[in-house]
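Here the structure is laid out as structure tokens; the discussion comes afterwards.
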Amino acid sequence: MRPIAYITLGFAPIVAIGIYFYCKKQYDKSFLNLLTMSFIIGAFSIAIVLFAEMLSTWLGLNNVHSLKRTLFYSFVTIGGISEFAKFFLFRYFILPDKLIDRPMHGITFSVMTALGFSSLFLLFYALDLFGTQQIFPVTLYPFLFVPANILFAIIMGFFTGMAKFLKARFFFYLTGFLGPAFFHGIFNFCLLSHDYKLLSLFSFGSMVIVFILGLKAAYTKPGLS
């Protein structure tokens, strides 16, 4: 990784600290403790990704010189597994807490989980523990990784947060996993294929969708079902 890209190692922790101190003015200690737990859970989720990456390397699936392998690596090995790891730990260890009493809280804690994940992922990327430095743009990828994962987290947090309050829980939980996995896969594919026009369109479209979901979550305050 080029020296200038090392400054990206501080992006996720700085944003996480900012969220923590912002919430400190509005919420009690229990809420802050859950925020901290979300960050730690996100960091722990990297173990699943590391295992999947090692397995993929052992099976020879990390060769991205063909379209099929690039798609598989983008949507399954990195995108799908990363989002599954975050979703599984967030869904079963953070979301059930009674402090999450509205969809907006689902987004807040999902973002915090993603920041924990991003912090450790970028560190491992810098150390090349994934062996991916040679296939991703070495400067662009780390600079975009944290903002991209925040976008994925908002999608996950919205749908999983809504699932806690609605009857159609299976659909919302499934969307809360598959939605971010799909977006993460497109993000990876754009970078691996060096299709920056598609990346620009994807980024704009993603921000519009996330903005709409954020507004929807902010104005939705259902009671627990």
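Residues in the structure tokens are named by chain (A, B, ... in the order shown) and by number from 1 within that chain; ligands are numbered from 1 in the order shown.
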Considering only C-alpha atoms, tabulate each residue of segment 68-170 of chain A that lies at most 9 Å from segment 12-19 of chain A along with its nearest interatomic pair and the corresponding distance in Å to one decimal; arrange the rows by chain and ascending residue number and present them as a Markdown table.
| residue | atom | partner | partner_atom | distance |
| --- | --- | --- | --- | --- |
| A:Thr108 | CA | A:Ile19 | CA | 8.5 |
| A:Val111 | CA | A:Ala16 | CA | 8.6 |
| A:Met112 | CA | A:Ala16 | CA | 6.3 |
| A:Ala114 | CA | A:Ala12 | CA | 8.6 |
| A:Leu115 | CA | A:Ala12 | CA | 5.1 |
| A:Gly116 | CA | A:Ala12 | CA | 7.2 |
| A:Phe117 | CA | A:Ala12 | CA | 8.8 |
| A:Ser118 | CA | A:Ala12 | CA | 6.3 |
| A:Ser119 | CA | A:Ala12 | CA | 5.4 |
| A:Val146 | CA | A:Ala12 | CA | 6.2 |
| A:Pro147 | CA | A:Ala12 | CA | 8.8 |
Determine, counting only C-alpha atoms, which protein, DNA and RNA residues have an atom within 12 Å of an atom of segment 48-62 of chain A; residues of the same chain fewer than 2 positions away are not included. Present the result as a PyMOL selection string.
chain A and resi 41-46+64-74+76-89+117-118+120-121+124-125+128-132+134-135+192
Quick one: everything within 10 Å of segment 173-179 of chain A, counting only C-alpha atoms, minus sequence neighbours fewer than 4 positions away in the same chain. Send it as a ChimeraX atom specification.
/A:79-80,83-88,91,152-164,168-169,183-185
Looking at A:Gln133, A:Thr113, A:Ser203, A:Asn149, which one is nearest to Ile40 of chain A, with distances taken over only C-alpha atoms?
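Of A:Gln133, A:Thr113, A:Ser203, A:Asn149, the one nearest Ile40 of chain A, counting only C-alpha atoms, is A:Thr113.
Computed from the coordinates, the atom CA of Asn33 of chain A to atom CA of Phe21 of chain A distance equals 12.1 Å.
For the pair atom CA of Thr139 of chain A and atom CA of Thr8 of chain A, the interatomic distance is 9.5 Å.
Our summary of the geometry notes that atom CA of Phe187 of chain A is positioned 10.1 Å from atom CA of Ser200 of chain A.
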Pull the helix (DSSP H, G or I) assignments for segment 157-202 of chain A out of DSSP run on the backbone, and list those residues as a PyMOL selection string.
chain A and resi 157-163+169-192+196-202
For the selection just defined, write its residues with N, CA and C atoms to a file, as a tab-separated table (two decimals), in the first residue's frame.
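Contents of again.tsv, freshly written:
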chain	number	residue	atom	x	y	z
A	157	GLY	N	-28.75	-1.53	8.32
A	157	GLY	CA	-29.37	-1.04	9.54
A	157	GLY	C	-30.83	-0.67	9.35
A	158	PHE	N	-31.15	-0.12	8.18
A	158	PHE	CA	-32.54	0.25	7.93
A	158	PHE	C	-33.43	-0.98	7.88
A	159	PHE	N	-33.06	-1.96	7.09
A	159	PHE	CA	-33.93	-3.12	6.90
A	159	PHE	C	-33.98	-4.02	8.14
A	160	THR	N	-32.83	-4.21	8.79
A	160	THR	CA	-32.85	-5.03	10.00
A	160	THR	C	-33.56	-4.28	11.13
A	161	GLY	N	-33.39	-2.96	11.15
A	161	GLY	CA	-34.09	-2.16	12.15
A	161	GLY	C	-35.60	-2.22	11.95
A	162	MET	N	-36.05	-2.13	10.69
A	162	MET	CA	-37.48	-2.22	10.40
A	162	MET	C	-38.00	-3.61	10.74
A	163	ALA	N	-37.16	-4.63	10.53
A	163	ALA	CA	-37.58	-6.01	10.80
A	163	ALA	C	-37.95	-6.22	12.26
A	169	ARG	N	-40.84	-10.01	9.06
A	169	ARG	CA	-39.45	-9.94	9.51
A	169	ARG	C	-38.49	-10.66	8.59
A	170	PHE	N	-38.89	-11.84	8.10
A	170	PHE	CA	-37.99	-12.62	7.26
A	170	PHE	C	-37.57	-11.83	6.02
A	171	PHE	N	-38.54	-11.18	5.38
A	171	PHE	CA	-38.24	-10.39	4.17
A	171	PHE	C	-37.27	-9.27	4.48
A	172	PHE	N	-37.50	-8.56	5.58
A	172	PHE	CA	-36.64	-7.44	5.91
A	172	PHE	C	-35.24	-7.89	6.35
A	173	TYR	N	-35.18	-8.98	7.09
A	173	TYR	CA	-33.87	-9.51	7.47
A	173	TYR	C	-33.10	-9.97	6.23
A	174	LEU	N	-33.79	-10.65	5.33
A	174	LEU	CA	-33.14	-11.12	4.11
A	174	LEU	C	-32.64	-9.95	3.28
A	175	THR	N	-33.46	-8.92	3.17
A	175	THR	CA	-33.05	-7.72	2.43
A	175	THR	C	-31.90	-7.02	3.14
A	176	GLY	N	-31.92	-7.06	4.47
A	176	GLY	CA	-30.85	-6.44	5.25
A	176	GLY	C	-29.51	-7.11	5.05
A	177	PHE	N	-29.53	-8.36	4.60
A	177	PHE	CA	-28.27	-9.04	4.27
A	177	PHE	C	-27.96	-8.97	2.78
A	178	LEU	N	-28.93	-9.33	1.93
A	178	LEU	CA	-28.68	-9.40	0.49
A	178	LEU	C	-28.46	-8.03	-0.14
A	179	GLY	N	-29.15	-7.00	0.38
A	179	GLY	CA	-28.98	-5.65	-0.16
A	179	GLY	C	-27.54	-5.16	-0.04
A	180	PRO	N	-27.00	-5.11	1.17
A	180	PRO	CA	-25.60	-4.70	1.33
A	180	PRO	C	-24.61	-5.61	0.59
A	181	ALA	N	-24.89	-6.93	0.57
A	181	ALA	CA	-24.00	-7.85	-0.14
A	181	ALA	C	-23.97	-7.54	-1.62
A	182	PHE	N	-25.13	-7.22	-2.19
A	182	PHE	CA	-25.20	-6.88	-3.62
A	182	PHE	C	-24.44	-5.58	-3.90
A	183	PHE	N	-24.67	-4.57	-3.08
A	183	PHE	CA	-23.99	-3.29	-3.26
A	183	PHE	C	-22.48	-3.43	-3.06
A	184	HIS	N	-22.09	-4.22	-2.07
A	184	HIS	CA	-20.67	-4.46	-1.82
A	184	HIS	C	-20.04	-5.18	-3.01
A	185	GLY	N	-20.78	-6.11	-3.59
A	185	GLY	CA	-20.28	-6.83	-4.75
A	185	GLY	C	-20.06	-5.92	-5.94
A	186	ILE	N	-21.01	-5.03	-6.20
A	186	ILE	CA	-20.85	-4.08	-7.30
A	186	ILE	C	-19.65	-3.18	-7.06
A	187	PHE	N	-19.51	-2.71	-5.83
A	187	PHE	CA	-18.36	-1.87	-5.47
A	187	PHE	C	-17.05	-2.57	-5.77
A	188	ASN	N	-16.93	-3.82	-5.35
A	188	ASN	CA	-15.72	-4.59	-5.63
A	188	ASN	C	-15.49	-4.79	-7.11
A	189	PHE	N	-16.57	-5.15	-7.83
A	189	PHE	CA	-16.45	-5.42	-9.26
A	189	PHE	C	-15.99	-4.19	-10.04
A	190	CYS	N	-16.53	-3.03	-9.69
A	190	CYS	CA	-16.12	-1.79	-10.36
A	190	CYS	C	-14.62	-1.54	-10.20
A	191	LEU	N	-14.11	-1.79	-8.99
A	191	LEU	CA	-12.68	-1.56	-8.73
A	191	LEU	C	-11.81	-2.62	-9.38
A	192	LEU	N	-12.24	-3.88	-9.33
A	192	LEU	CA	-11.45	-4.96	-9.92
A	192	LEU	C	-11.41	-4.86	-11.44
A	196	TYR	N	-14.46	2.88	-13.83
A	196	TYR	CA	-14.69	4.00	-12.94
A	196	TYR	C	-15.94	4.80	-13.31
A	197	LYS	N	-16.39	4.69	-14.55
A	197	LYS	CA	-17.66	5.32	-14.93
A	197	LYS	C	-18.81	4.62	-14.21
A	198	LEU	N	-18.77	3.29	-14.22
A	198	LEU	CA	-19.79	2.53	-13.51
A	198	LEU	C	-19.72	2.80	-12.02
A	199	LEU	N	-18.50	2.95	-11.49
A	199	LEU	CA	-18.32	3.24	-10.07
A	199	LEU	C	-18.94	4.58	-9.70
A	200	SER	N	-18.79	5.57	-10.60
A	200	SER	CA	-19.37	6.89	-10.35
A	200	SER	C	-20.89	6.83	-10.33
A	201	LEU	N	-21.47	6.12	-11.31
A	201	LEU	CA	-22.92	5.97	-11.35
A	201	LEU	C	-23.43	5.20	-10.14
A	202	PHE	N	-22.70	4.16	-9.79
A	202	PHE	CA	-23.06	3.36	-8.62
A	202	PHE	C	-23.01	4.20	-7.34
Determine the nearest neighbour of Met207 of chain A from the options A:Thr36, A:Ser193, A:Lys167, A:Leu151, counting only C-alpha atoms.
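Using only C-alpha atoms, the shortest distance to Met207 of chain A belongs to A:Leu151.
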